[in-house]
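K.L.:
Got a file for you: entry-v3.txt, compact mmCIF, C-alpha atoms.
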```txt
# COMPACT_ATOMS: atom_id res chain seq x y z
CA LYS A 1 -0.18 9.97 4.92
CA HIS A 2 -3.49 8.90 3.40
CA ALA A 3 -3.63 7.21 0.02
CA GLY A 4 -5.59 9.97 -1.69
CA SER A 5 -8.61 9.76 -3.93
CA MET A 6 -9.27 6.81 -6.22
CA GLU A 7 -8.28 9.02 -9.17
CA GLU A 8 -4.91 9.78 -7.54
CA VAL A 9 -4.33 6.10 -6.76
CA LEU A 10 -5.19 5.20 -10.37
CA ALA A 11 -2.91 7.92 -11.71
CA ARG A 12 0.02 6.65 -9.59
CA LEU A 13 -0.57 3.06 -10.66
CA GLU A 14 -0.80 4.06 -14.32
CA ALA A 15 2.45 6.04 -13.98
CA LYS A 16 4.22 3.07 -12.34
CA LEU A 17 3.08 0.80 -15.16
CA GLN A 18 4.33 3.31 -17.75
CA GLN A 19 7.78 3.04 -16.12
CA ASN A 20 7.59 -0.73 -15.52
CA PRO A 21 5.14 -2.29 -18.00
CA ASN A 22 6.30 -5.86 -17.22
CA ASN A 23 4.47 -5.97 -13.87
CA PRO A 24 1.63 -8.55 -13.97
CA ASP A 25 0.45 -7.69 -10.44
CA GLY A 26 0.22 -4.02 -11.36
CA TRP A 27 -1.82 -4.75 -14.50
CA TYR A 28 -4.13 -7.06 -12.55
CA THR A 29 -4.66 -4.42 -9.85
CA LEU A 30 -5.26 -1.75 -12.49
CA ALA A 31 -7.74 -3.94 -14.39
CA ARG A 32 -9.70 -4.81 -11.23
CA THR A 33 -9.72 -1.15 -10.14
CA TYR A 34 -11.07 -0.09 -13.54
CA MET A 35 -13.81 -2.75 -13.20
CA VAL A 36 -14.83 -1.36 -9.80
CA GLN A 37 -14.84 2.14 -11.33
CA GLN A 38 -16.99 0.80 -14.21
CA GLN A 39 -14.35 1.89 -16.73
CA TYR A 40 -14.80 -1.31 -18.71
CA ASN A 41 -12.87 -0.37 -21.87
CA LYS A 42 -9.82 0.57 -19.78
CA ALA A 43 -10.23 -2.62 -17.75
CA ALA A 44 -10.28 -4.69 -20.96
CA ASP A 45 -7.09 -2.96 -22.13
CA ALA A 46 -5.38 -3.64 -18.79
CA PHE A 47 -6.45 -7.31 -18.91
CA ARG A 48 -5.01 -7.46 -22.47
CA GLN A 49 -1.67 -6.15 -21.21
CA LEU A 50 -1.75 -8.72 -18.39
CA HIS A 51 -2.59 -11.48 -20.89
CA THR A 52 0.41 -10.44 -23.00
CA LEU A 53 2.62 -10.97 -19.93
CA VAL A 54 1.15 -14.15 -18.45
CA GLY A 55 -0.58 -15.89 -21.37
CA ASP A 56 -3.77 -17.93 -21.19
CA GLN A 57 -4.85 -18.11 -17.56
CA ALA A 58 -8.53 -18.64 -16.78
CA GLU A 59 -8.83 -15.64 -14.41
CA VAL A 60 -7.19 -13.30 -16.94
CA LEU A 61 -9.33 -14.54 -19.84
CA LEU A 62 -12.48 -14.27 -17.72
CA GLY A 63 -11.55 -10.76 -16.58
CA MET A 64 -11.05 -9.68 -20.17
CA ALA A 65 -14.30 -11.37 -21.27
CA ASP A 66 -16.20 -9.75 -18.42
CA ALA A 67 -14.76 -6.28 -19.09
CA LEU A 68 -15.52 -6.53 -22.81
CA THR A 69 -19.05 -7.77 -22.11
CA MET A 70 -19.73 -4.95 -19.68
CA SER A 71 -18.28 -2.39 -22.13
CA ARG A 72 -20.83 -3.68 -24.67
CA ASN A 73 -23.81 -3.41 -22.31
CA GLY A 74 -23.91 -7.14 -21.67
CA ASP A 75 -23.32 -8.34 -25.24
CA MET A 76 -21.30 -11.60 -25.13
CA HIS A 77 -21.12 -12.11 -28.91
CA GLY A 78 -17.71 -12.55 -30.54
CA GLU A 79 -14.51 -12.08 -28.56
CA PRO A 80 -15.97 -12.14 -25.01
CA PHE A 81 -17.71 -15.46 -25.73
CA GLU A 82 -14.54 -16.93 -27.29
CA LEU A 83 -12.48 -15.82 -24.26
CA ALA A 84 -15.00 -17.37 -21.85
CA LYS A 85 -14.96 -20.66 -23.79
CA ARG A 86 -11.14 -20.73 -23.73
CA ALA A 87 -11.18 -20.07 -19.96
CA LEU A 88 -13.68 -22.90 -19.50
CA GLU A 89 -11.34 -25.26 -21.39
CA LEU A 90 -8.53 -24.29 -18.99
CA ALA A 91 -10.70 -24.44 -15.85
CA PRO A 92 -13.77 -26.64 -16.48
CA ASP A 93 -15.04 -26.26 -12.90
CA ASN A 94 -14.50 -22.50 -12.58
CA PRO A 95 -17.88 -21.03 -11.54
CA THR A 96 -17.29 -17.75 -13.38
CA ALA A 97 -16.26 -19.61 -16.55
CA LEU A 98 -19.39 -21.77 -16.35
CA TRP A 99 -21.59 -18.73 -15.68
CA LEU A 100 -20.16 -16.48 -18.42
CA THR A 101 -19.88 -19.22 -21.04
CA GLY A 102 -23.48 -20.18 -20.31
CA LEU A 103 -24.52 -16.56 -20.89
CA GLY A 104 -22.57 -16.59 -24.16
CA TYR A 105 -24.34 -19.73 -25.35
CA ARG A 106 -27.69 -18.27 -24.31
CA ASP A 107 -26.98 -15.00 -26.14
CA ASN A 108 -26.01 -16.99 -29.24
CA GLY A 109 -29.28 -18.95 -29.12
CA ASP A 110 -27.85 -22.25 -27.84
CA LEU A 111 -29.99 -22.75 -24.73
CA THR A 112 -29.17 -26.46 -24.55
CA SER A 113 -25.44 -25.75 -24.06
CA ALA A 114 -26.21 -22.91 -21.63
CA LEU A 115 -28.41 -25.23 -19.55
CA SER A 116 -25.73 -27.91 -19.47
CA LEU A 117 -23.18 -25.43 -18.06
CA TRP A 118 -25.57 -23.86 -15.55
CA LYS A 119 -26.62 -27.31 -14.28
CA LYS A 120 -22.93 -28.08 -13.74
CA LEU A 121 -22.56 -24.70 -11.98
CA LEU A 122 -25.48 -25.18 -9.58
CA PRO A 123 -23.78 -27.61 -7.14
CA LEU A 124 -20.63 -25.44 -7.18
CA VAL A 125 -22.59 -22.49 -5.73
CA ALA A 126 -24.70 -24.60 -3.34
CA ASP A 127 -23.11 -22.94 -0.29
CA SER A 128 -24.41 -19.55 -1.44
CA PRO A 129 -28.23 -19.37 -1.26
CA LYS A 130 -28.28 -16.15 -3.31
CA SER A 131 -26.08 -17.55 -6.11
CA SER A 132 -27.99 -20.84 -6.09
CA HIS A 133 -31.26 -18.96 -6.49
CA GLU A 134 -29.86 -16.87 -9.35
CA VAL A 135 -28.51 -19.93 -11.19
CA LYS A 136 -31.82 -21.76 -10.68
CA THR A 137 -33.59 -18.73 -12.16
CA LEU A 138 -31.29 -18.83 -15.23
CA ILE A 139 -32.01 -22.57 -15.60
CA ASP A 140 -35.78 -22.13 -15.18
CA ASN A 141 -35.90 -19.29 -17.71
CA ALA A 142 -33.82 -21.24 -20.25
CA GLU A 143 -35.99 -24.33 -19.82
CA ARG A 144 -39.13 -22.22 -20.28
CA GLN A 145 -37.65 -20.58 -23.39
CA LEU A 146 -36.68 -23.96 -24.83
CA ALA A 147 -40.18 -25.31 -24.22
CA SER A 148 -41.88 -22.29 -25.79
CA SER A 149 -39.37 -21.86 -28.64
CA ALA A 150 -40.41 -25.30 -29.84
CA THR A 151 -43.58 -23.50 -30.87
CA GLN A 152 -42.95 -19.88 -31.92
CA THR A 153 -41.47 -17.62 -29.22
CA PRO A 154 -38.20 -15.87 -30.21
CA LEU A 155 -35.37 -15.66 -27.68
CA LEU A 156 -35.55 -12.69 -25.36
CA ALA A 157 -33.12 -9.89 -26.11
CA SER A 158 -30.09 -10.12 -23.88
CA GLN A 159 -29.84 -7.57 -21.11
CA PRO A 160 -26.71 -6.20 -19.45
CA GLU A 161 -25.67 -8.35 -16.53
CA PRO A 162 -23.79 -7.16 -13.46
CA SER A 163 -20.20 -8.31 -13.52
CA PRO A 164 -19.70 -11.69 -11.86
CA LEU A 165 -16.09 -10.71 -11.09
CA ALA A 166 -16.82 -7.38 -9.43
CA PRO A 167 -15.82 -7.34 -5.77
CA THR A 168 -18.77 -7.41 -3.40
CA ALA A 169 -19.14 -5.82 0.00
CA ASP A 170 -18.82 -9.20 1.66
CA ALA A 171 -16.05 -11.58 0.66
CA THR A 172 -18.33 -14.45 -0.34
CA ALA A 173 -18.53 -15.49 -3.96
CA SER A 174 -21.63 -14.28 -5.71
CA ILE A 175 -23.19 -14.18 -9.10
CA LYS A 176 -25.42 -11.27 -9.95
CA VAL A 177 -28.00 -11.75 -12.66
CA GLN A 178 -30.57 -9.39 -14.12
CA VAL A 179 -33.45 -11.23 -15.73
CA SER A 180 -36.18 -9.56 -17.72
CA ILE A 181 -39.21 -11.44 -18.98
CA ASP A 182 -41.26 -10.27 -21.92
CA PRO A 183 -44.94 -9.96 -20.83
```
Go through the file and emit its structure as structure tokens.
P.N.:
Amino acid sequence: KHAGSMEEVLARLEAKLQQNPNNPDGWYTLARTYMVQQQYNKAADAFRQLHTLVGDQAEVLLGMADALTMSRNGDMHGEPFELAKRALELAPDNPTALWLTGLGYRDNGDLTSALSLWKKLLPLVADSPKSSHEVKTLIDNAERQLASSATQTPLLASQPEPSPLAPTADATASIKVQVSIDP
């Protein structure tokens, strides 16, 4: 018997969690599935339920931060940034924590802190040429902004970023970044 459509799978998982809400694995699976389906508000709610069950764990906090950020079109202000910072405290070498917290600092105008985190991140993604390139681009852009903001240029408006936690077609870790530069 085949598993059915994604909607049917989601409906069954939601029904199971209604009957047994104390299932961390179920909430994690539901949250990740919602992320893949780009249902970010539902993903954030599922990560909240998981957090209630398991407490402060870096992956859970980062999942919730990522879902909230994506539900806000890339806006890291407020709760998502606080969640990312808490995850970074728990896992100071977690690439996703470094990446997201750096974005939060950048979005809040603290390019110096963002640069510090991204420079720490760079050697951690050295085995992935694509991720290394993307992190170097973040660093270069932040350094350029810092240099020009010393004169008069305002920070660029933040743009939505693809989710760093979204599963990719290949199983290698990756960080996806969308950069836009004001002419």
K.L.:
Dump as a list in words all residues having an atom at most 10 Å from (-9.8, -9.0, -19.5), computed in the file's coordinates with only C-alpha atoms.
P.N.:
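Returned residue set, sorted by chain then number, is Tyr28, Ala31, Arg32, Met35, Tyr40, Asn41, Lys42, Ala43, Ala44, Asp45, Ala46, Phe47, Arg48, Gln49, Leu50, His51, Glu59, Val60, Leu61, Leu62, Gly63, Met64, Ala65, Asp66, Ala67, Leu68, Thr69, Pro80 and Leu83 of chain A.
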K.L.:
Show me, as a PyMOL selection string, the residues that have an atom within 12 Å of Glu7 (chain A) when counting all atoms listed in the file, minus same-chain residues fewer than 6 positions from it.
P.N.:
chain A and resi 13-14+30+33-34+37
K.L.:
With all atoms listed in the file as the basis for distance, which of A:Asn94, A:Asn108, A:Asn141, A:Gln57 is at the shortest distance from Val125 (chain A)?
P.N.:
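Looking at the shortest contact to Val125 (chain A), the residue is A:Asn94.
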K.L.:
Can you tell me which residues surround Lys119 (chain A) at a distance of at most 10 Å, considering all atoms listed in the file, apart from same-chain residues fewer than 5 positions away, and format the answer as a ChimeraX atom specification?
P.N.:
/A:98,102,113-114,124,135-136,138-139
K.L.:
If you measure from CA of Phe81 (chain A) to CA of Thr137 (chain A), what distance in Å do you get, rounded to one decimal?
P.N.:
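For CA of Phe81 (chain A) relative to CA of Thr137 (chain A), the distance reads 21.1 Å.
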K.L.:
Report the distance between CA of Lys85 (chain A) and CA of Ala97 (chain A) in Å, rounded to one decimal place.
P.N.:
7.4 Å
K.L.:
Would you pick out the contacts of Trp99 (chain A) at 10 Å or less, using only C-alpha atoms, so that residues sharing its chain but fewer than 2 positions from it are not included, and give the list as JSON, numbers by chain?
P.N.:
{"A": [84, 88, 94, 95, 96, 97, 101, 102, 103, 104, 114, 117, 118, 120, 121, 122, 135, 138, 164, 175, 177]}
K.L.:
Report, in Å with one decimal, the straight-line distance from CA of Tyr105 (chain A) to CA of Asp75 (chain A).
P.N.:
11.4 Å
K.L.:
Please give the centre and size of the box around region 92-108 of chain A (axis-aligned, containing every atom listed in the file, 8 Å added per side), with values in Å to one decimal and written as JSON.
P.N.:
```
{"center_x": -20.7, "center_y": -20.8, "center_z": -20.4, "size_x": 29.9, "size_y": 27.6, "size_z": 33.7}
```
K.L.:
Would you please work out which residue, of A:Met70, A:Asp56, A:Pro123, A:Glu134, is nearest to Arg86 (chain A) when using all atoms listed in the file?
P.N.:
A:Asp56
K.L.:
Choose the residue, out of A:Gly26, A:Arg12, A:Leu100, A:Ser116, that has the smallest atom-to-atom separation from Ala87 (chain A); count only C-alpha atoms.
P.N.:
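Smallest distance to Ala87 (chain A) is found for A:Leu100.
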